[in-house]
file structure_35.cif (mmCIF, C-alpha atoms)
data_data
loop_
_atom_site.label_atom_id
_atom_site.label_comp_id
_atom_site.auth_asym_id
_atom_site.auth_seq_id
_atom_site.Cartn_x
_atom_site.Cartn_y
_atom_site.Cartn_z
CA MET A 16 10.71 -5.75 -3.42
CA LYS A 17 11.84 -4.16 -6.69
CA ASN A 18 12.13 -6.43 -9.72
CA ILE A 19 12.66 -6.46 -13.48
CA LEU A 20 9.67 -8.67 -14.23
CA LYS A 21 8.01 -6.04 -16.42
CA VAL A 22 11.19 -5.63 -18.49
CA LEU A 23 11.63 -9.39 -18.93
CA ARG A 24 7.99 -9.73 -19.91
CA ALA A 25 8.20 -6.84 -22.38
CA GLU A 26 11.33 -8.36 -23.98
CA ARG A 27 9.26 -11.43 -24.81
CA ASP A 28 6.22 -9.40 -25.80
CA TRP A 29 4.02 -11.24 -23.30
CA SER A 30 0.95 -9.71 -21.70
CA GLN A 31 0.41 -10.02 -17.94
CA ALA A 32 -2.25 -12.63 -18.65
CA VAL A 33 0.16 -14.70 -20.77
CA LEU A 34 2.85 -14.56 -18.10
CA GLY A 35 0.22 -15.45 -15.50
CA GLU A 36 -0.75 -18.53 -17.53
CA LYS A 37 2.87 -19.61 -17.84
CA LEU A 38 3.38 -19.28 -14.10
CA ASN A 39 -0.06 -20.63 -13.23
CA VAL A 40 -1.09 -17.48 -11.36
CA SER A 41 -3.64 -14.73 -12.06
CA ARG A 42 -3.03 -11.57 -14.06
CA GLN A 43 -3.65 -9.60 -10.86
CA THR A 44 -0.79 -11.43 -9.18
CA ILE A 45 1.58 -10.53 -12.02
CA ASN A 46 0.44 -6.92 -11.79
CA ALA A 47 1.03 -6.86 -8.01
CA LEU A 48 4.48 -8.44 -8.45
CA GLU A 49 5.51 -5.96 -11.14
CA LYS A 50 4.38 -3.00 -9.07
CA GLY A 51 6.26 -4.35 -6.03
CA ARG A 52 3.04 -4.53 -4.03
CA TYR A 53 3.52 -8.23 -3.39
CA ASP A 54 6.64 -10.32 -2.75
CA PRO A 55 6.41 -13.82 -4.24
CA SER A 56 6.80 -17.01 -2.25
CA LEU A 57 10.05 -18.92 -2.73
CA PRO A 58 8.40 -21.56 -5.02
CA LEU A 59 6.94 -18.80 -7.23
CA ALA A 60 10.26 -16.94 -7.31
CA PHE A 61 11.98 -20.18 -8.44
CA LYS A 62 9.30 -20.68 -11.13
CA ILE A 63 9.93 -17.13 -12.41
CA SER A 64 13.67 -17.72 -12.32
CA ARG A 65 13.35 -20.96 -14.34
CA LEU A 66 10.98 -19.37 -16.85
CA PHE A 67 13.29 -16.44 -17.61
CA GLU A 68 16.48 -18.52 -17.14
CA ARG A 69 17.89 -15.97 -14.72
CA ALA A 70 18.99 -16.26 -11.11
CA ILE A 71 16.44 -15.04 -8.55
CA GLU A 72 18.75 -12.23 -7.40
CA GLU A 73 19.04 -11.01 -11.01
CA ILE A 74 15.27 -10.61 -11.19
CA PHE A 75 14.50 -9.44 -7.65
CA GLU A 76 16.35 -6.73 -5.84
CA ASP A 77 16.55 -7.18 -2.09
CA ASP A 78 16.34 -3.55 -0.95
CA LYS A 79 16.41 -4.65 2.71
CA GLY A 80 19.72 -6.45 2.10
CA GLU A 81 21.35 -3.13 1.22
CA GLU A 82 20.10 -1.63 4.49
CA ASN A 83 21.58 -4.52 6.52
CA ALA A 84 24.94 -4.51 4.70
CA MET B 27 -10.64 -18.19 -17.84
CA ASP B 28 -8.41 -17.01 -15.00
CA HIS B 29 -7.94 -18.63 -11.61
CA HIS B 30 -10.08 -16.18 -9.72
CA LYS B 31 -13.08 -16.63 -12.02
CA GLN B 32 -12.75 -20.43 -12.12
CA ALA B 33 -12.46 -20.71 -8.35
CA ALA B 34 -15.35 -18.26 -7.85
CA LYS B 35 -17.54 -20.25 -10.29
CA ARG B 36 -16.91 -23.49 -8.38
CA TYR B 37 -17.60 -21.64 -5.12
CA PHE B 38 -20.93 -20.22 -6.26
CA ARG B 39 -22.04 -23.64 -7.55
CA LEU B 40 -22.12 -24.82 -3.92
CA PHE B 41 -22.68 -21.52 -2.15
CA ILE B 42 -25.98 -20.57 -3.84
CA PRO B 43 -27.82 -23.87 -3.12
CA ALA B 44 -26.39 -23.88 0.43
CA VAL B 45 -27.71 -20.35 1.07
CA ILE B 46 -31.14 -21.30 -0.29
CA VAL B 47 -31.24 -24.37 2.00
CA TYR B 48 -30.07 -22.18 4.91
CA LEU B 49 -32.72 -19.51 4.34
CA VAL B 50 -35.50 -22.08 3.87
CA GLY B 51 -34.33 -23.86 7.03
CA VAL B 52 -34.30 -20.64 9.07
CA PHE B 53 -37.72 -19.67 7.67
CA VAL B 54 -39.24 -23.08 8.50
CA ILE B 55 -37.82 -23.00 12.04
CA SER B 56 -39.13 -19.45 12.63
CA TRP B 57 -42.54 -20.49 11.31
CA ALA B 58 -42.69 -23.74 13.31
CA GLU B 59 -41.54 -22.19 16.58
CA GLY B 60 -44.45 -21.84 19.01
CA LYS B 61 -46.87 -23.86 16.85
CA PRO B 62 -48.68 -26.23 19.24
CA PHE B 63 -48.66 -29.13 16.75
CA PHE B 64 -44.88 -28.87 16.32
CA PRO B 65 -42.95 -30.66 19.09
CA THR B 66 -39.83 -28.93 20.46
CA ASN B 67 -37.70 -31.95 19.56
CA ALA B 68 -38.65 -31.48 15.91
CA ILE B 69 -37.32 -27.89 16.09
CA TYR B 70 -33.99 -29.25 17.34
CA ILE B 71 -33.83 -31.63 14.40
CA LEU B 72 -34.86 -28.91 11.95
CA THR B 73 -32.01 -26.72 13.25
CA LEU B 74 -29.60 -29.24 11.76
CA ILE B 75 -30.67 -28.18 8.24
CA PRO B 76 -29.22 -24.62 8.38
CA VAL B 77 -26.22 -25.94 10.34
CA LEU B 78 -25.50 -28.44 7.56
CA ALA B 79 -25.93 -25.68 4.97
CA ILE B 80 -23.40 -23.51 6.85
CA PHE B 81 -20.90 -26.40 6.84
CA VAL B 82 -21.37 -26.84 3.09
CA TRP B 83 -20.83 -23.19 2.23
CA MET B 84 -17.91 -22.80 4.61
CA TRP B 85 -16.31 -25.87 3.05
CA ALA B 86 -16.91 -24.29 -0.38
CA GLN B 87 -15.23 -21.15 0.87
CA TRP B 88 -12.28 -23.12 2.22
CA ARG B 89 -11.90 -24.82 -1.17
CA TYR B 90 -12.21 -21.45 -2.93
CA VAL B 91 -9.41 -19.93 -0.87
CA LYS B 92 -7.21 -23.01 -1.42
CA GLU B 93 -7.76 -22.85 -5.20
CA LEU B 94 -6.69 -19.23 -5.50
CA ASP B 95 -3.10 -18.33 -6.26
CA GLU B 96 -0.92 -17.08 -3.42
CA TYR B 97 -1.56 -13.35 -3.87
CA LEU B 98 -5.35 -13.67 -4.16
CA ARG B 99 -5.31 -16.11 -1.23
CA ALA B 100 -3.40 -13.55 0.85
CA ILE B 101 -6.09 -10.94 0.08
CA GLN B 102 -8.92 -13.30 1.07
CA THR B 103 -7.10 -14.39 4.23
CA GLU B 104 -6.53 -10.78 5.22
CA ALA B 105 -10.20 -9.95 4.57
CA MET B 106 -11.31 -12.92 6.69
CA MET B 107 -8.98 -11.86 9.50
CA ILE B 108 -10.45 -8.34 9.41
CA GLY B 109 -13.99 -9.82 9.52
CA LEU B 110 -13.06 -12.09 12.42
CA MET B 111 -11.37 -9.23 14.28
CA ILE B 112 -14.41 -6.94 13.96
CA VAL B 113 -16.91 -9.63 14.99
CA THR B 114 -14.79 -10.91 17.89
CA ALA B 115 -14.13 -7.40 19.21
CA PHE B 116 -17.78 -6.40 18.88
CA ALA B 117 -19.14 -9.67 20.34
CA SER B 118 -16.72 -9.57 23.27
CA GLY B 119 -17.40 -5.90 24.00
CA TRP B 120 -21.15 -6.21 23.69
CA GLY B 121 -21.16 -9.51 25.62
CA LEU B 122 -19.34 -7.84 28.48
CA MET B 123 -21.83 -4.98 28.49
CA GLU B 124 -24.69 -7.51 28.52
CA LEU B 125 -23.16 -9.05 31.66
CA MET B 126 -22.48 -5.77 33.42
CA THR B 127 -25.21 -3.40 32.23
CA ASP B 128 -28.76 -3.35 30.87
CA VAL B 129 -27.95 -3.10 27.16
CA PRO B 130 -30.37 -4.98 24.87
CA ARG B 131 -29.44 -8.64 24.28
CA ILE B 132 -28.28 -9.53 20.80
CA PRO B 133 -28.77 -13.21 19.85
CA ILE B 134 -25.51 -15.04 19.10
CA PHE B 135 -27.20 -16.07 15.82
CA PHE B 136 -26.10 -12.72 14.34
CA ALA B 137 -22.38 -13.48 14.78
CA GLY B 138 -22.28 -15.42 11.48
CA PRO B 139 -24.05 -12.81 9.30
CA GLY B 140 -21.98 -10.14 11.10
CA PHE B 141 -18.78 -11.92 10.13
CA TYR B 142 -19.84 -12.24 6.49
CA PHE B 143 -20.88 -8.60 6.39
CA ALA B 144 -17.52 -7.40 7.76
CA TYR B 145 -15.59 -9.92 5.62
CA GLY B 146 -17.53 -8.83 2.52
CA ILE B 147 -16.71 -5.15 3.04
CA ALA B 148 -13.05 -5.89 3.84
CA SER B 149 -12.78 -8.16 0.79
CA PHE B 150 -14.39 -5.50 -1.44
CA VAL B 151 -11.99 -2.80 -0.24
CA LEU B 152 -8.88 -5.03 -0.49
CA ASN B 153 -9.90 -6.34 -3.93
CA LYS B 154 -10.47 -2.79 -5.17
CA LYS B 155 -7.00 -1.83 -3.91
CA ALA B 156 -5.57 -4.83 -5.78
CA GLY B 157 -7.44 -3.92 -8.96
CA LEU B 158 -9.88 -6.82 -8.71
CA LYS B 159 -13.64 -6.69 -9.08
CA GLY B 160 -16.11 -7.63 -6.37
CA GLY B 161 -16.13 -8.43 -2.71
CA CYS B 162 -16.03 -11.76 -0.91
CA PRO B 163 -16.20 -14.60 -3.42
#
call {"tool": "encode", "arguments": {"input": "structure_35.cif", "output": "structure tokens"}}
result
Amino acid sequence: MKNILKVLRAERDWSQAVLGEKLNVSRQTINALEKGRYDPSLPLAFKISRLFERAIEEIFEDDKGEENA
Amino acid sequence: MDHHKQAAKRYFRLFIPAVIVYLVGVFVISWAEGKPFFPTNAIYILTLIPVLAIFVWMWAQWRYVKELDEYLRAIQTEAMMIGLMIVTAFASGWGLMELMTDVPRIPIFFAGPGFYFAYGIASFVLNKKAGLKGGCP
């Protein structure tokens, strides 16, 4: 799943480790999320959404949704 | 310190003593087996030592996996599934050949080490792919 996590993180000048600490996950998890190698669980997606004060669909792009439309 | 390191540290604090107890237990049983002054019942009781050690380290592993975050947990779960798949397929295949043909008998004792060997390699490969260091915890 594509996302703008890297952009949002860069806007705040946070490292992957800092973002990981804020979300209570590892730096490797942030890296996998940013690269689209891993799709977060719903609770983690909500945490990210609350942290950046953006709706989930603003952060994550559902590429499969476009295919089904 | 990140999640992975913290969880791994807690894991090793139980895993290392459990492995030592396991190895000592296996060594003592191998040594005692066949000794005339050692009754067979005592061997049965001694066998409980490595069994207990296995329970301790598997519990430590369970706790380790539960303490990881969701992505790292997914990697470990996948690695364990690969390990289980390899050992089950091999044990079933070889077991069938033992029943039907004259292949050498492999003691079931090796299923555990076989699982950890396969799990370790799978974990190492998956961790490398994910940019993590090391194999199974």
call {"tool": "resolve_selection", "arguments": {"input": "structure_35.cif", "expression": "the PyMOL selection byres ((chain B) within 9 of (chain A))", "output": "list in words"}}
result
Asp28, His29, His30, Leu94, Asp95, Glu96, Tyr97, Leu98, Ala156, Gly157 and Leu158 of chain B
call {"tool": "resolve_selection", "arguments": {"input": "structure_35.cif", "expression": "the PyMOL selection byres ((chain B and resi 51-58) around 12)", "output": "VMD selection string"}}
result
chain B and resid 44 to 50 59 to 80 135
call {"tool": "atom_distance", "arguments": {"input": "structure_35.cif", "atom1": "atom CA of Ala60 of chain A", "atom2": "atom CA of Gln31 of chain A"}}
result
16.1 Å
call {"tool": "atom_distance", "arguments": {"input": "structure_35.cif", "atom1": "atom CA of Ala117 of chain B", "atom2": "atom CA of Val151 of chain B"}}
result
22.8 Å
call {"tool": "resolve_selection", "arguments": {"input": "structure_35.cif", "expression": "the PyMOL selection byres ((chain B and resi 83) around 10)", "output": "mmCIF file with C-alpha atoms, in the frame of the given file"}}
result
data_model
loop_
_atom_site.group_PDB
_atom_site.id
_atom_site.type_symbol
_atom_site.label_atom_id
_atom_site.label_comp_id
_atom_site.auth_asym_id
_atom_site.auth_seq_id
_atom_site.Cartn_x
_atom_site.Cartn_y
_atom_site.Cartn_z
ATOM 1 C CA TYR B 37 -17.600 -21.640 -5.120
ATOM 2 C CA PHE B 38 -20.930 -20.220 -6.260
ATOM 3 C CA ARG B 39 -22.040 -23.640 -7.550
ATOM 4 C CA LEU B 40 -22.120 -24.820 -3.920
ATOM 5 C CA PHE B 41 -22.680 -21.520 -2.150
ATOM 6 C CA ILE B 42 -25.980 -20.570 -3.840
ATOM 7 C CA PRO B 43 -27.820 -23.870 -3.120
ATOM 8 C CA ALA B 44 -26.390 -23.880 0.430
ATOM 9 C CA VAL B 45 -27.710 -20.350 1.070
ATOM 10 C CA TYR B 48 -30.070 -22.180 4.910
ATOM 11 C CA LEU B 78 -25.500 -28.440 7.560
ATOM 12 C CA ALA B 79 -25.930 -25.680 4.970
ATOM 13 C CA ILE B 80 -23.400 -23.510 6.850
ATOM 14 C CA PHE B 81 -20.900 -26.400 6.840
ATOM 15 C CA VAL B 82 -21.370 -26.840 3.090
ATOM 16 C CA MET B 84 -17.910 -22.800 4.610
ATOM 17 C CA TRP B 85 -16.310 -25.870 3.050
ATOM 18 C CA ALA B 86 -16.910 -24.290 -0.380
ATOM 19 C CA GLN B 87 -15.230 -21.150 0.870
ATOM 20 C CA TRP B 88 -12.280 -23.120 2.220
ATOM 21 C CA ARG B 89 -11.900 -24.820 -1.170
#
call {"tool": "decode", "arguments": {"input": "structure_35.cif", "residues": "segment 117-132 of chain B", "atoms": "N, CA, C and O atoms", "output": "PDB file, in the first residue's frame"}}
result
ATOM      1  N   ALA B 117       9.712 -34.973   8.163  1.00  0.00           N
ATOM      2  CA  ALA B 117       9.395 -36.054   9.116  1.00  0.00           C
ATOM      3  C   ALA B 117       8.324 -36.980   8.547  1.00  0.00           C
ATOM      4  O   ALA B 117       8.428 -38.210   8.686  1.00  0.00           O
ATOM      5  N   SER B 118       7.318 -36.401   7.894  1.00  0.00           N
ATOM      6  CA  SER B 118       6.249 -37.234   7.329  1.00  0.00           C
ATOM      7  C   SER B 118       6.791 -38.095   6.185  1.00  0.00           C
ATOM      8  O   SER B 118       6.492 -39.292   6.093  1.00  0.00           O
ATOM      9  N   GLY B 119       7.565 -37.477   5.311  1.00  0.00           N
ATOM     10  CA  GLY B 119       8.135 -38.189   4.165  1.00  0.00           C
ATOM     11  C   GLY B 119       9.068 -39.298   4.603  1.00  0.00           C
ATOM     12  O   GLY B 119       8.958 -40.447   4.160  1.00  0.00           O
ATOM     13  N   TRP B 120       9.970 -38.938   5.531  1.00  0.00           N
ATOM     14  CA  TRP B 120      10.947 -39.929   5.990  1.00  0.00           C
ATOM     15  C   TRP B 120      10.257 -41.024   6.796  1.00  0.00           C
ATOM     16  O   TRP B 120      10.579 -42.211   6.672  1.00  0.00           O
ATOM     17  N   GLY B 121       9.264 -40.620   7.605  1.00  0.00           N
ATOM     18  CA  GLY B 121       8.508 -41.588   8.413  1.00  0.00           C
ATOM     19  C   GLY B 121       7.809 -42.612   7.533  1.00  0.00           C
ATOM     20  O   GLY B 121       7.783 -43.802   7.839  1.00  0.00           O
ATOM     21  N   LEU B 122       7.266 -42.141   6.429  1.00  0.00           N
ATOM     22  CA  LEU B 122       6.581 -43.030   5.495  1.00  0.00           C
ATOM     23  C   LEU B 122       7.581 -44.013   4.865  1.00  0.00           C
ATOM     24  O   LEU B 122       7.301 -45.201   4.742  1.00  0.00           O
ATOM     25  N   MET B 123       8.754 -43.470   4.529  1.00  0.00           N
ATOM     26  CA  MET B 123       9.788 -44.343   3.944  1.00  0.00           C
ATOM     27  C   MET B 123      10.269 -45.378   4.955  1.00  0.00           C
ATOM     28  O   MET B 123      10.562 -46.510   4.609  1.00  0.00           O
ATOM     29  N   GLU B 124      10.333 -44.961   6.235  1.00  0.00           N
ATOM     30  CA  GLU B 124      10.730 -45.913   7.289  1.00  0.00           C
ATOM     31  C   GLU B 124       9.730 -47.062   7.383  1.00  0.00           C
ATOM     32  O   GLU B 124      10.106 -48.209   7.628  1.00  0.00           O
ATOM     33  N   LEU B 125       8.437 -46.735   7.192  1.00  0.00           N
ATOM     34  CA  LEU B 125       7.394 -47.764   7.258  1.00  0.00           C
ATOM     35  C   LEU B 125       7.436 -48.695   6.054  1.00  0.00           C
ATOM     36  O   LEU B 125       7.184 -49.890   6.162  1.00  0.00           O
ATOM     37  N   MET B 126       7.732 -48.113   4.891  1.00  0.00           N
ATOM     38  CA  MET B 126       7.594 -48.870   3.640  1.00  0.00           C
ATOM     39  C   MET B 126       8.906 -49.457   3.118  1.00  0.00           C
ATOM     40  O   MET B 126       8.880 -50.409   2.360  1.00  0.00           O
ATOM     41  N   THR B 127      10.029 -48.838   3.481  1.00  0.00           N
ATOM     42  CA  THR B 127      11.306 -49.297   2.916  1.00  0.00           C
ATOM     43  C   THR B 127      12.321 -49.546   4.036  1.00  0.00           C
ATOM     44  O   THR B 127      11.972 -49.506   5.218  1.00  0.00           O
ATOM     45  N   ASP B 128      13.573 -49.727   3.625  1.00  0.00           N
ATOM     46  CA  ASP B 128      14.622 -50.041   4.610  1.00  0.00           C
ATOM     47  C   ASP B 128      15.533 -48.852   4.886  1.00  0.00           C
ATOM     48  O   ASP B 128      16.702 -49.023   5.214  1.00  0.00           O
ATOM     49  N   VAL B 129      15.008 -47.646   4.761  1.00  0.00           N
ATOM     50  CA  VAL B 129      15.871 -46.472   5.021  1.00  0.00           C
ATOM     51  C   VAL B 129      16.290 -46.473   6.494  1.00  0.00           C
ATOM     52  O   VAL B 129      15.572 -47.010   7.341  1.00  0.00           O
ATOM     53  N   PRO B 130      17.451 -45.876   6.803  1.00  0.00           N
ATOM     54  CA  PRO B 130      17.875 -45.841   8.217  1.00  0.00           C
ATOM     55  C   PRO B 130      16.867 -45.075   9.081  1.00  0.00           C
ATOM     56  O   PRO B 130      16.249 -44.122   8.612  1.00  0.00           O
ATOM     57  N   ARG B 131      16.702 -45.505  10.313  1.00  0.00           N
ATOM     58  CA  ARG B 131      15.745 -44.873  11.231  1.00  0.00           C
ATOM     59  C   ARG B 131      16.376 -43.624  11.844  1.00  0.00           C
ATOM     60  O   ARG B 131      17.516 -43.660  12.296  1.00  0.00           O
ATOM     61  N   ILE B 132      15.621 -42.557  11.821  1.00  0.00           N
ATOM     62  CA  ILE B 132      16.096 -41.319  12.455  1.00  0.00           C
ATOM     63  C   ILE B 132      15.280 -41.122  13.736  1.00  0.00           C
ATOM     64  O   ILE B 132      14.052 -41.083  13.676  1.00  0.00           O
TER      65      ILE B 132
END
